[in-house]
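J.: So here's work-v8.cif, just mmCIF, C-alpha atoms, pLDDT in the B column; chains and numbers go by the auth columns:
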```cif
data_input
loop_
_atom_site.group_PDB
_atom_site.id
_atom_site.type_symbol
_atom_site.label_atom_id
_atom_site.label_comp_id
_atom_site.label_asym_id
_atom_site.label_seq_id
_atom_site.Cartn_x
_atom_site.Cartn_y
_atom_site.Cartn_z
_atom_site.B_iso_or_equiv
_atom_site.auth_seq_id
_atom_site.auth_asym_id
ATOM 1 C CA MET A 1 183.308 -135.943 -56.723 47.00 1 A
ATOM 2 C CA LEU A 2 184.450 -132.589 -57.935 52.00 2 A
ATOM 3 C CA ASP A 3 181.897 -129.893 -58.569 54.00 3 A
ATOM 4 C CA PRO A 4 181.737 -128.562 -62.126 55.00 4 A
ATOM 5 C CA VAL A 5 183.629 -125.373 -62.624 50.00 5 A
ATOM 6 C CA THR A 6 181.316 -122.510 -63.499 51.00 6 A
ATOM 7 C CA ARG A 7 182.652 -119.802 -65.770 52.00 7 A
ATOM 8 C CA PRO A 8 182.190 -116.307 -64.426 51.00 8 A
ATOM 9 C CA GLN A 9 179.734 -114.256 -66.399 53.00 9 A
ATOM 10 C CA ALA A 10 181.066 -111.339 -68.347 56.00 10 A
ATOM 11 C CA THR A 11 180.952 -108.136 -66.403 70.00 11 A
ATOM 12 C CA LEU A 12 178.891 -105.179 -67.490 55.00 12 A
ATOM 13 C CA ALA A 13 182.010 -103.329 -68.607 56.00 13 A
ATOM 14 C CA VAL A 14 183.082 -106.221 -70.829 57.00 14 A
ATOM 15 C CA ARG A 15 179.637 -106.503 -72.406 58.00 15 A
ATOM 16 C CA CYS A 16 179.529 -102.761 -73.020 56.00 16 A
ATOM 17 C CA SER A 17 182.972 -102.764 -74.610 58.00 17 A
ATOM 18 C CA ARG A 18 181.983 -105.631 -76.902 57.00 18 A
ATOM 19 C CA ALA A 19 178.837 -103.793 -77.923 56.00 19 A
ATOM 20 C CA LEU A 20 180.760 -100.584 -78.590 54.00 20 A
ATOM 21 C CA MET A 21 183.336 -102.422 -80.694 62.00 21 A
ATOM 22 C CA SER A 22 180.793 -104.352 -82.739 71.00 22 A
ATOM 23 C CA PRO A 23 180.801 -103.726 -86.510 73.00 23 A
ATOM 24 C CA TRP A 24 177.473 -101.887 -86.497 71.00 24 A
ATOM 25 C CA SER A 25 178.518 -99.675 -83.593 80.00 25 A
ATOM 26 C CA ARG A 26 181.662 -98.692 -85.444 76.00 26 A
ATOM 27 C CA LEU A 27 179.667 -98.032 -88.603 76.00 27 A
ATOM 28 C CA SER A 28 177.308 -95.821 -86.618 83.00 28 A
ATOM 29 C CA LEU A 29 180.304 -93.924 -85.267 81.00 29 A
ATOM 30 C CA LEU A 30 181.593 -93.419 -88.808 78.00 30 A
ATOM 31 C CA LEU A 31 178.234 -92.062 -89.955 81.00 31 A
ATOM 32 C CA VAL A 32 178.095 -89.676 -87.001 85.00 32 A
ATOM 33 C CA MET A 33 181.626 -88.460 -87.760 81.00 33 A
ATOM 34 C CA LEU A 34 180.826 -87.905 -91.427 81.00 34 A
ATOM 35 C CA ALA A 35 177.618 -86.066 -90.590 84.00 35 A
ATOM 36 C CA ALA A 36 179.492 -83.867 -88.111 84.00 36 A
ATOM 37 C CA ALA A 37 182.203 -83.122 -90.681 81.00 37 A
ATOM 38 C CA ALA A 38 179.648 -82.205 -93.342 79.00 38 A
ATOM 39 C CA SER A 39 177.800 -79.973 -90.877 83.00 39 A
ATOM 40 C CA ALA A 40 181.030 -78.229 -89.908 77.00 40 A
ATOM 41 C CA VAL A 41 181.782 -77.526 -93.560 75.00 41 A
ATOM 42 C CA LEU A 42 178.344 -76.008 -94.090 76.00 42 A
ATOM 43 C CA LEU A 43 178.598 -73.868 -90.954 78.00 43 A
ATOM 44 C CA TYR A 44 182.196 -72.654 -91.057 72.00 44 A
ATOM 45 C CA GLU A 45 183.085 -72.952 -94.772 71.00 45 A
ATOM 46 C CA PRO A 46 186.794 -73.730 -94.252 66.00 46 A
ATOM 47 C CA GLN A 47 187.427 -73.405 -97.981 62.00 47 A
ATOM 48 C CA ARG A 48 187.177 -69.643 -97.494 66.00 48 A
ATOM 49 C CA LEU A 49 190.017 -69.752 -95.005 59.00 49 A
ATOM 50 C CA LEU A 50 192.174 -71.585 -97.521 57.00 50 A
ATOM 51 C CA SER A 51 191.438 -69.181 -100.358 56.00 51 A
ATOM 52 C CA ALA A 52 191.657 -65.981 -98.292 60.00 52 A
ATOM 53 C CA GLY A 53 195.410 -66.237 -97.895 56.00 53 A
ATOM 54 C CA TRP A 54 197.769 -66.825 -94.990 55.00 54 A
ATOM 55 C CA GLN A 55 199.042 -64.793 -92.117 55.00 55 A
ATOM 56 C CA PRO A 56 202.145 -62.724 -92.940 53.00 56 A
ATOM 57 C CA GLN A 57 204.359 -64.822 -90.660 54.00 57 A
ATOM 58 C CA ILE A 58 203.550 -68.003 -92.613 62.00 58 A
ATOM 59 C CA GLY A 59 205.276 -68.227 -95.947 66.00 59 A
ATOM 60 C CA GLY A 60 207.459 -70.303 -98.214 76.00 60 A
ATOM 61 C CA GLY A 61 207.589 -74.046 -97.824 82.00 61 A
ATOM 62 C CA GLY A 62 205.874 -73.934 -94.459 85.00 62 A
ATOM 63 C CA ALA A 63 202.777 -72.389 -96.014 86.00 63 A
ATOM 64 C CA VAL A 64 202.700 -75.067 -98.720 91.00 64 A
ATOM 65 C CA VAL A 65 202.936 -77.858 -96.143 92.00 65 A
ATOM 66 C CA LEU A 66 200.277 -76.245 -93.962 90.00 66 A
ATOM 67 C CA PHE A 67 197.987 -75.846 -96.954 91.00 67 A
ATOM 68 C CA ALA A 68 198.467 -79.512 -97.896 93.00 68 A
ATOM 69 C CA LEU A 69 197.537 -80.607 -94.362 93.00 69 A
ATOM 70 C CA ALA A 70 194.481 -78.358 -94.327 89.00 70 A
ATOM 71 C CA TYR A 71 193.558 -79.558 -97.823 93.00 71 A
ATOM 72 C CA GLY A 72 193.628 -83.188 -96.685 93.00 72 A
ATOM 73 C CA LEU A 73 191.421 -82.521 -93.667 89.00 73 A
ATOM 74 C CA CYS A 74 188.991 -80.497 -95.771 88.00 74 A
ATOM 75 C CA THR A 75 188.618 -83.163 -98.443 90.00 75 A
ATOM 76 C CA ALA A 76 187.976 -85.769 -95.750 87.00 76 A
ATOM 77 C CA ALA A 77 185.208 -83.418 -94.534 85.00 77 A
ATOM 78 C CA PHE A 78 183.644 -83.206 -98.034 85.00 78 A
ATOM 79 C CA VAL A 79 184.919 -79.771 -99.071 86.00 79 A
ATOM 80 C CA PRO A 80 184.824 -79.811 -102.914 87.00 80 A
ATOM 81 C CA ARG A 81 188.293 -80.410 -104.320 92.00 81 A
ATOM 82 C CA PRO A 82 187.927 -78.067 -107.331 91.00 82 A
ATOM 83 C CA ILE A 83 187.604 -75.115 -104.936 90.00 83 A
ATOM 84 C CA LEU A 84 190.706 -76.182 -103.054 92.00 84 A
ATOM 85 C CA ASN A 85 192.641 -76.744 -106.277 94.00 85 A
ATOM 86 C CA LEU A 86 191.787 -73.274 -107.534 92.00 86 A
ATOM 87 C CA ALA A 87 192.867 -71.846 -104.177 91.00 87 A
ATOM 88 C CA ALA A 88 196.171 -73.753 -104.353 92.00 88 A
ATOM 89 C CA GLY A 89 196.969 -72.230 -107.735 92.00 89 A
ATOM 90 C CA ALA A 90 195.933 -68.730 -106.680 90.00 90 A
ATOM 91 C CA LEU A 91 198.020 -68.858 -103.496 88.00 91 A
ATOM 92 C CA PHE A 92 201.181 -70.682 -104.592 91.00 92 A
ATOM 93 C CA GLY A 93 201.295 -70.744 -108.380 91.00 93 A
ATOM 94 C CA SER A 94 201.157 -73.746 -110.662 92.00 94 A
ATOM 95 C CA GLN A 95 204.165 -75.773 -109.441 93.00 95 A
ATOM 96 C CA ALA A 96 203.987 -75.395 -105.664 94.00 96 A
ATOM 97 C CA GLY A 97 200.195 -75.309 -105.838 94.00 97 A
ATOM 98 C CA LEU A 98 200.095 -78.604 -107.711 96.00 98 A
ATOM 99 C CA ALA A 99 202.445 -80.231 -105.194 96.00 99 A
ATOM 100 C CA ALA A 100 200.314 -79.014 -102.280 95.00 100 A
ATOM 101 C CA ALA A 101 197.054 -80.080 -103.939 96.00 101 A
ATOM 102 C CA VAL A 102 198.252 -83.574 -104.866 97.00 102 A
ATOM 103 C CA ALA A 103 199.739 -84.109 -101.402 97.00 103 A
ATOM 104 C CA GLY A 104 196.499 -82.928 -99.820 96.00 104 A
ATOM 105 C CA THR A 105 194.502 -85.192 -102.121 96.00 105 A
ATOM 106 C CA VAL A 106 196.503 -88.250 -101.085 97.00 106 A
ATOM 107 C CA LEU A 107 196.275 -87.276 -97.418 96.00 107 A
ATOM 108 C CA GLY A 108 192.516 -86.750 -97.555 95.00 108 A
ATOM 109 C CA ALA A 109 192.007 -90.013 -99.414 95.00 109 A
ATOM 110 C CA GLY A 110 194.165 -91.824 -96.858 95.00 110 A
ATOM 111 C CA ILE A 111 192.133 -90.408 -93.969 94.00 111 A
ATOM 112 C CA ALA A 112 188.842 -91.471 -95.560 91.00 112 A
ATOM 113 C CA PHE A 113 190.232 -94.893 -96.482 93.00 113 A
ATOM 114 C CA THR A 114 191.436 -95.483 -92.931 92.00 114 A
ATOM 115 C CA LEU A 115 188.125 -94.448 -91.388 89.00 115 A
ATOM 116 C CA GLY A 116 186.179 -96.619 -93.802 87.00 116 A
ATOM 117 C CA ARG A 117 188.469 -99.604 -93.298 88.00 117 A
ATOM 118 C CA LEU A 118 188.469 -99.442 -89.487 86.00 118 A
ATOM 119 C CA LEU A 119 184.871 -98.408 -88.871 84.00 119 A
ATOM 120 C CA GLY A 120 182.837 -99.551 -91.851 74.00 120 A
ATOM 121 C CA GLN A 121 184.344 -102.557 -93.586 72.00 121 A
ATOM 122 C CA ASP A 122 183.243 -105.288 -91.154 72.00 122 A
ATOM 123 C CA ALA A 123 179.624 -104.123 -91.179 72.00 123 A
ATOM 124 C CA LEU A 124 179.315 -103.426 -94.898 71.00 124 A
ATOM 125 C CA ARG A 125 181.127 -106.372 -96.471 70.00 125 A
ATOM 126 C CA PRO A 126 178.339 -108.878 -95.623 66.00 126 A
ATOM 127 C CA LEU A 127 175.929 -106.575 -97.484 65.00 127 A
ATOM 128 C CA LEU A 128 177.837 -106.821 -100.772 65.00 128 A
ATOM 129 C CA ARG A 129 175.266 -108.867 -102.617 65.00 129 A
ATOM 130 C CA GLY A 130 173.988 -108.681 -106.128 61.00 130 A
ATOM 131 C CA ARG A 131 175.819 -108.856 -109.436 64.00 131 A
ATOM 132 C CA TRP A 132 176.894 -105.207 -109.639 62.00 132 A
ATOM 133 C CA LEU A 133 178.170 -104.905 -106.078 66.00 133 A
ATOM 134 C CA THR A 134 180.060 -108.185 -106.106 74.00 134 A
ATOM 135 C CA ALA A 135 181.596 -107.388 -109.486 72.00 135 A
ATOM 136 C CA ALA A 136 182.745 -103.949 -108.302 73.00 136 A
ATOM 137 C CA ASP A 137 184.130 -105.415 -105.087 74.00 137 A
ATOM 138 C CA GLY A 138 185.982 -108.127 -106.969 78.00 138 A
ATOM 139 C CA GLN A 139 187.476 -105.618 -109.399 80.00 139 A
ATOM 140 C CA LEU A 140 188.706 -103.347 -106.618 83.00 140 A
ATOM 141 C CA SER A 141 189.996 -106.229 -104.524 83.00 141 A
ATOM 142 C CA ARG A 142 191.858 -108.088 -107.286 86.00 142 A
ATOM 143 C CA HIS A 143 192.980 -105.179 -109.465 86.00 143 A
ATOM 144 C CA GLY A 144 193.260 -102.396 -106.929 84.00 144 A
ATOM 145 C CA PHE A 145 195.855 -100.150 -108.540 92.00 145 A
ATOM 146 C CA ARG A 146 194.482 -100.405 -112.063 90.00 146 A
ATOM 147 C CA SER A 147 190.884 -99.908 -110.973 90.00 147 A
ATOM 148 C CA MET A 148 191.610 -96.956 -108.695 92.00 148 A
ATOM 149 C CA LEU A 149 193.823 -95.317 -111.318 92.00 149 A
ATOM 150 C CA ALA A 150 190.957 -95.453 -113.810 89.00 150 A
ATOM 151 C CA ILE A 151 188.545 -94.038 -111.219 89.00 151 A
ATOM 152 C CA ARG A 152 190.852 -91.131 -110.398 91.00 152 A
ATOM 153 C CA LEU A 153 191.459 -90.328 -114.057 88.00 153 A
ATOM 154 C CA PHE A 154 187.709 -90.273 -114.691 83.00 154 A
ATOM 155 C CA PRO A 155 186.386 -86.981 -113.245 74.00 155 A
ATOM 156 C CA GLY A 156 182.771 -88.140 -113.000 76.00 156 A
ATOM 157 C CA VAL A 157 183.334 -90.443 -110.000 81.00 157 A
ATOM 158 C CA PRO A 158 182.853 -88.603 -106.661 86.00 158 A
ATOM 159 C CA PHE A 159 186.081 -88.442 -104.691 89.00 159 A
ATOM 160 C CA ALA A 160 184.586 -89.402 -101.313 88.00 160 A
ATOM 161 C CA ALA A 161 182.497 -92.242 -102.739 85.00 161 A
ATOM 162 C CA ALA A 162 185.564 -93.782 -104.363 89.00 162 A
ATOM 163 C CA ASN A 163 187.482 -93.585 -101.086 91.00 163 A
ATOM 164 C CA TYR A 164 184.865 -95.406 -99.034 87.00 164 A
ATOM 165 C CA CYS A 165 184.105 -97.987 -101.725 85.00 165 A
ATOM 166 C CA ALA A 166 187.801 -98.822 -101.857 89.00 166 A
ATOM 167 C CA ALA A 167 187.912 -99.038 -98.052 87.00 167 A
ATOM 168 C CA VAL A 168 185.099 -101.596 -97.983 86.00 168 A
ATOM 169 C CA SER A 169 186.909 -103.747 -100.557 86.00 169 A
ATOM 170 C CA ARG A 170 190.083 -105.691 -99.836 85.00 170 A
ATOM 171 C CA MET A 171 192.327 -103.243 -101.670 89.00 171 A
ATOM 172 C CA GLY A 172 195.635 -102.526 -99.969 90.00 172 A
ATOM 173 C CA TYR A 173 196.838 -99.135 -98.777 92.00 173 A
ATOM 174 C CA ALA A 174 199.825 -98.923 -101.136 93.00 174 A
ATOM 175 C CA PRO A 175 197.975 -99.391 -104.455 93.00 175 A
ATOM 176 C CA PHE A 176 195.145 -97.137 -103.276 94.00 176 A
ATOM 177 C CA LEU A 177 197.410 -94.230 -102.317 96.00 177 A
ATOM 178 C CA LEU A 178 199.727 -94.631 -105.308 96.00 178 A
ATOM 179 C CA ALA A 179 196.868 -94.757 -107.807 95.00 179 A
ATOM 180 C CA THR A 180 195.245 -91.772 -106.115 96.00 180 A
ATOM 181 C CA GLY A 181 198.424 -89.715 -106.347 95.00 181 A
ATOM 182 C CA ILE A 182 199.088 -90.535 -109.994 95.00 182 A
ATOM 183 C CA GLY A 183 195.526 -90.509 -111.248 94.00 183 A
ATOM 184 C CA SER A 184 194.622 -87.194 -109.607 94.00 184 A
ATOM 185 C CA VAL A 185 197.413 -85.232 -111.304 95.00 185 A
ATOM 186 C CA PRO A 186 195.796 -84.335 -114.671 94.00 186 A
ATOM 187 C CA ASN A 187 192.494 -82.958 -113.383 94.00 187 A
ATOM 188 C CA THR A 188 194.133 -81.356 -110.342 95.00 188 A
ATOM 189 C CA ALA A 189 196.749 -79.674 -112.517 96.00 189 A
ATOM 190 C CA ALA A 190 194.071 -78.165 -114.737 95.00 190 A
ATOM 191 C CA TYR A 191 192.319 -76.531 -111.789 94.00 191 A
ATOM 192 C CA VAL A 192 195.575 -75.383 -110.199 95.00 192 A
ATOM 193 C CA ILE A 193 196.750 -73.777 -113.446 95.00 193 A
ATOM 194 C CA ALA A 194 193.364 -72.118 -113.885 94.00 194 A
ATOM 195 C CA GLY A 195 193.634 -70.720 -110.369 91.00 195 A
ATOM 196 C CA SER A 196 197.169 -69.472 -110.883 92.00 196 A
ATOM 197 C CA GLU A 197 196.220 -67.755 -114.155 92.00 197 A
ATOM 198 C CA ALA A 198 192.837 -66.426 -113.008 86.00 198 A
ATOM 199 C CA ALA A 199 194.137 -62.855 -113.181 84.00 199 A
ATOM 200 C CA SER A 200 194.854 -63.372 -116.906 89.00 200 A
ATOM 201 C CA PRO A 201 191.740 -65.093 -118.282 86.00 201 A
ATOM 202 C CA THR A 202 192.892 -64.640 -121.877 89.00 202 A
ATOM 203 C CA SER A 203 196.284 -66.300 -121.381 91.00 203 A
ATOM 204 C CA PRO A 204 196.923 -69.558 -123.260 91.00 204 A
ATOM 205 C CA ALA A 205 197.534 -71.462 -119.993 91.00 205 A
ATOM 206 C CA PHE A 206 194.186 -70.390 -118.537 91.00 206 A
ATOM 207 C CA LEU A 207 192.315 -71.173 -121.755 93.00 207 A
ATOM 208 C CA LEU A 208 193.929 -74.601 -122.102 94.00 208 A
ATOM 209 C CA ALA A 209 193.238 -75.479 -118.464 92.00 209 A
ATOM 210 C CA THR A 210 189.635 -74.313 -118.704 92.00 210 A
ATOM 211 C CA GLY A 211 189.132 -76.203 -121.948 92.00 211 A
ATOM 212 C CA PHE A 212 190.510 -79.376 -120.388 90.00 212 A
ATOM 213 C CA ILE A 213 188.143 -79.015 -117.407 88.00 213 A
ATOM 214 C CA LEU A 214 185.142 -78.475 -119.672 90.00 214 A
ATOM 215 C CA LEU A 215 186.018 -81.367 -121.986 89.00 215 A
ATOM 216 C CA THR A 216 186.581 -83.857 -119.171 85.00 216 A
ATOM 217 C CA GLY A 217 183.394 -82.727 -117.459 82.00 217 A
ATOM 218 C CA LEU A 218 181.438 -83.138 -120.677 85.00 218 A
ATOM 219 C CA ALA A 219 182.955 -86.566 -121.275 80.00 219 A
ATOM 220 C CA ALA A 220 182.026 -87.624 -117.744 76.00 220 A
ATOM 221 C CA ALA A 221 178.436 -86.445 -118.262 78.00 221 A
ATOM 222 C CA VAL A 222 178.153 -88.321 -121.559 79.00 222 A
ATOM 223 C CA VAL A 223 179.530 -91.558 -120.105 72.00 223 A
ATOM 224 C CA ALA A 224 177.258 -91.293 -117.063 69.00 224 A
ATOM 225 C CA TRP A 225 174.227 -90.713 -119.310 74.00 225 A
ATOM 226 C CA CYS A 226 175.109 -93.700 -121.499 71.00 226 A
ATOM 227 C CA LYS A 227 175.519 -95.986 -118.501 64.00 227 A
ATOM 228 C CA ARG A 228 172.252 -94.799 -116.992 64.00 228 A
ATOM 229 C CA HIS A 229 170.490 -95.394 -120.306 59.00 229 A
ATOM 230 C CA ARG A 230 171.909 -98.922 -120.508 62.00 230 A
ATOM 231 C CA LEU A 231 170.834 -99.698 -116.935 51.00 231 A
ATOM 232 C CA ARG A 232 167.314 -98.498 -117.675 57.00 232 A
ATOM 233 C CA GLY A 233 167.198 -100.651 -120.770 55.00 233 A
ATOM 234 C CA ALA A 234 168.453 -103.686 -118.886 50.00 234 A
ATOM 235 C CA THR A 235 165.942 -103.309 -116.057 49.00 235 A
ATOM 236 C CA GLY A 236 163.089 -102.661 -118.475 53.00 236 A
ATOM 237 C CA ARG A 237 163.481 -105.977 -120.203 48.00 237 A
#
```
Once more with this new file: its structure as structure tokens, please.

T.:
Amino acid sequence: MLDPVTRPQATLAVRCSRALMSPWSRLSLLLVMLAAAASAVLLYEPQRLLSAGWQPQIGGGGAVVLFALAYGLCTAAFVPRPILNLAAGALFGSQAGLAAAVAGTVLGAGIAFTLGRLLGQDALRPLLRGRWLTAADGQLSRHGFRSMLAIRLFPGVPFAAANYCAAVSRMGYAPFLLATGIGSVPNTAAYVIAGSEAASPTSPAFLLATGFILLTGLAAAVVAWCKRHRLRGATGR
């Protein structure tokens, strides 16, 4: 009679690798990376390097591309985009500055989306319970482009929060990046133009750009207040 075959137990290395690749371990890694990025921004203030200008040997298209790459990394590390947009306009003018800022916006959003998708989605998706969370997840998953376009056009939604919420949903890369690129143009252009015309604060371009920024900011504040008031009324019933 044959003896039963015993399966070899998993080695310590295999068990450690499984533990390190578990959803919660990856989520912990993401949180550590985000905390480190935020700390680096507070300590080194890379936005000053972007707005201080470039070395004399870097100019033309190369400077625009380098700025876009730095812009993307900075936005992924939570550097405020309005500061970077103003710097883009001041350094390169309205046209090249807008191209660099939009490219950097898409790059930064793509970095955050990839990190959230690879490191956070598996751990966070089981936690999507409740009417509001499931409704938001369903909207982003089924109508990704339309939903993300509306979020990008609305200046009151934090850039980083939108990136990671989209990453946790089942939205695809293509609609996310395309909606980010298109939807970020109006608000980004206003800041870039304001930065390019900062030396002439009475010029029509500067006044129009500043007015657009103030109006959209006011509209965002009003909408946020109305939604908060409705939520309070609903929970108070």

J.: Decode the PyMOL selection byres ((chain A and resi 149-163) around 7) for the given file into explicit residues and return them as a PyMOL selection string.

T.: chain A and resi 109+112-113+145-148+164-167+179-180+183-184+216-217+220

J.: CA of Val192 in chain A and CA of Leu107 in chain A are how many Å apart?

T.: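 Spanning CA of Val192 in chain A to CA of Leu107 in chain A is a straight-line distance of 17.5 Å.
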
J.: Quick one: distance from CA of Ile213 in chain A to CA of Phe78 in chain A in Å, one decimal?

T.: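 Those two atoms sit 20.3 Å apart.
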
J.: Return as CSV the residues of range 117-234 of chain A lying at most 12 Å from range 90-102 of chain A, together with the closest atom-to-atom pair for each and the distance in Å to one decimal, counting only C-alpha atoms, with rows in chain order and ascending residue number.

T.:
```
residue,atom,partner,partner_atom,distance
A:Arg152,CA,A:Val102,CA,11.9
A:Leu177,CA,A:Val102,CA,11.0
A:Leu178,CA,A:Val102,CA,11.2
A:Ala179,CA,A:Val102,CA,11.6
A:Thr180,CA,A:Val102,CA,8.8
A:Gly181,CA,A:Val102,CA,6.3
A:Ile182,CA,A:Val102,CA,8.7
A:Gly183,CA,A:Val102,CA,9.8
A:Ser184,CA,A:Val102,CA,7.0
A:Val185,CA,A:Val102,CA,6.7
A:Pro186,CA,A:Leu98,CA,10.0
A:Asn187,CA,A:Val102,CA,10.3
A:Thr188,CA,A:Leu98,CA,7.1
A:Ala189,CA,A:Leu98,CA,6.0
A:Ala190,CA,A:Leu98,CA,9.3
A:Tyr191,CA,A:Leu98,CA,9.0
A:Val192,CA,A:Ser94,CA,5.8
A:Ile193,CA,A:Ser94,CA,5.2
A:Ala194,CA,A:Ala90,CA,8.4
A:Gly195,CA,A:Ala90,CA,4.8
A:Ser196,CA,A:Ala90,CA,4.4
A:Glu197,CA,A:Ala90,CA,7.5
A:Ala198,CA,A:Ala90,CA,7.4
A:Ala199,CA,A:Ala90,CA,8.9
A:Ser200,CA,A:Ala90,CA,11.6
A:Ala205,CA,A:Ser94,CA,10.3
A:Phe206,CA,A:Ser94,CA,11.0
A:Ala209,CA,A:Ser94,CA,11.3
```

J.: Taking all atoms of range 73-78 of chain A that the file lists, what box with edges along x, y and z, padded by 3 Å per side, do you get, with centre and edge lengths in Å to one decimal, as JSON?

T.:
```
{"center_x": 187.5, "center_y": -83.1, "center_z": -96.1, "size_x": 13.8, "size_y": 11.3, "size_z": 10.8}
```

J.: Hey, which of A:Ala103, A:Arg26, A:Pro201, A:Ser169 ends up closest to Ala135 in chain A? Count all atoms listed in the file.

T.: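 The closest residue to Ala135 in chain A is A:Ser169.
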
J.: Which of these residues is nearest to Leu29 in chain A, using all atoms listed in the file: A:Met171, A:Ala123, A:Phe176, A:Cys226?

T.: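 Closest to Leu29 in chain A, using all atoms listed in the file: A:Ala123.
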
J.: At what distance in Å, to one decimal, does CA of Gly60 in chain A lie from CA of Ile111 in chain A?

T.: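 Value for the CA of Ile111 in chain A-CA of Gly60 in chain A distance: 25.6 Å.
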
J.: Any chance you could tabulate, as a tab-separated table, the residues of range 63-166 of chain A at most 10 Å from range 41-45 of chain A with each one's nearest atom pair and distance in Å to one decimal, using only C-alpha atoms, in chain and rising number order?

T.:
```
residue	atom	partner	partner_atom	distance
A:Cys74	CA	A:Val41	CA	8.1
A:Ala77	CA	A:Val41	CA	6.9
A:Phe78	CA	A:Val41	CA	7.5
A:Val79	CA	A:Val41	CA	6.7
```

J.: A:Thr134, A:Thr11, A:Ser141, A:Ser22: which is nearest Tyr173 in chain A, counting all atoms listed in the file?

T.: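 With all atoms listed in the file as the atom set, the closest residue is A:Ser141.
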
J.: At most 8 Å from (183.0, -97.2, -92.5), file frame, all atoms listed in the file: which residues, as a short mmCIF file (atom, residue, chain, number, x, y, z; two decimals) with C-alpha atoms, keeping the file's coordinate frame?

T.:
```
data_model
loop_
_atom_site.label_atom_id
_atom_site.label_comp_id
_atom_site.auth_asym_id
_atom_site.auth_seq_id
_atom_site.Cartn_x
_atom_site.Cartn_y
_atom_site.Cartn_z
CA ARG A 26 181.66 -98.69 -85.44
CA LEU A 27 179.67 -98.03 -88.60
CA LEU A 30 181.59 -93.42 -88.81
CA LEU A 31 178.23 -92.06 -89.96
CA LEU A 115 188.12 -94.45 -91.39
CA GLY A 116 186.18 -96.62 -93.80
CA ARG A 117 188.47 -99.60 -93.30
CA LEU A 118 188.47 -99.44 -89.49
CA LEU A 119 184.87 -98.41 -88.87
CA GLY A 120 182.84 -99.55 -91.85
CA GLN A 121 184.34 -102.56 -93.59
CA ALA A 123 179.62 -104.12 -91.18
CA LEU A 124 179.32 -103.43 -94.90
CA TYR A 164 184.86 -95.41 -99.03
CA ALA A 167 187.91 -99.04 -98.05
CA VAL A 168 185.10 -101.60 -97.98
#
```

J.: Starting from the incomplete input, reconstruct all heavy atoms of range 173-177 of chain A and write that as an mmCIF file, in the coordinates of the input.

T.:
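This is the output file selection20.cif:
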```
data_model
loop_
_atom_site.group_PDB
_atom_site.id
_atom_site.type_symbol
_atom_site.label_atom_id
_atom_site.label_comp_id
_atom_site.auth_asym_id
_atom_site.auth_seq_id
_atom_site.Cartn_x
_atom_site.Cartn_y
_atom_site.Cartn_z
ATOM 1 N N TYR A 173 196.545 -100.565 -98.907
ATOM 2 C CA TYR A 173 196.838 -99.135 -98.777
ATOM 3 C C TYR A 173 197.745 -98.643 -99.903
ATOM 4 O O TYR A 173 197.513 -97.578 -100.483
ATOM 5 C CB TYR A 173 197.514 -98.868 -97.433
ATOM 6 C CG TYR A 173 196.567 -98.578 -96.310
ATOM 7 C CD1 TYR A 173 196.053 -99.606 -95.524
ATOM 8 C CD2 TYR A 173 196.173 -97.277 -96.018
ATOM 9 C CE1 TYR A 173 195.177 -99.350 -94.482
ATOM 10 C CE2 TYR A 173 195.306 -97.002 -94.976
ATOM 11 C CZ TYR A 173 194.810 -98.049 -94.216
ATOM 12 O OH TYR A 173 193.944 -97.788 -93.198
ATOM 13 N N ALA A 174 198.814 -99.391 -100.182
ATOM 14 C CA ALA A 174 199.825 -98.923 -101.136
ATOM 15 C C ALA A 174 199.237 -98.689 -102.529
ATOM 16 O O ALA A 174 199.408 -97.606 -103.101
ATOM 17 C CB ALA A 174 200.997 -99.901 -101.189
ATOM 18 N N PRO A 175 198.541 -99.666 -103.129
ATOM 19 C CA PRO A 175 197.975 -99.391 -104.455
ATOM 20 C C PRO A 175 196.930 -98.290 -104.436
ATOM 21 O O PRO A 175 196.816 -97.527 -105.400
ATOM 22 C CB PRO A 175 197.365 -100.732 -104.874
ATOM 23 C CG PRO A 175 197.216 -101.506 -103.620
ATOM 24 C CD PRO A 175 198.312 -101.063 -102.721
ATOM 25 N N PHE A 176 196.165 -98.182 -103.356
ATOM 26 C CA PHE A 176 195.145 -97.137 -103.276
ATOM 27 C C PHE A 176 195.786 -95.757 -103.272
ATOM 28 O O PHE A 176 195.396 -94.875 -104.041
ATOM 29 C CB PHE A 176 194.310 -97.331 -102.010
ATOM 30 C CG PHE A 176 193.364 -96.197 -101.728
ATOM 31 C CD1 PHE A 176 192.190 -96.059 -102.438
ATOM 32 C CD2 PHE A 176 193.662 -95.255 -100.759
ATOM 33 C CE1 PHE A 176 191.323 -95.008 -102.189
ATOM 34 C CE2 PHE A 176 192.806 -94.207 -100.492
ATOM 35 C CZ PHE A 176 191.631 -94.083 -101.215
ATOM 36 N N LEU A 177 196.785 -95.548 -102.421
ATOM 37 C CA LEU A 177 197.410 -94.230 -102.317
ATOM 38 C C LEU A 177 198.222 -93.896 -103.566
ATOM 39 O O LEU A 177 198.208 -92.755 -104.037
ATOM 40 C CB LEU A 177 198.287 -94.173 -101.077
ATOM 41 C CG LEU A 177 197.559 -94.290 -99.738
ATOM 42 C CD1 LEU A 177 198.559 -94.285 -98.586
ATOM 43 C CD2 LEU A 177 196.544 -93.171 -99.562
#
```
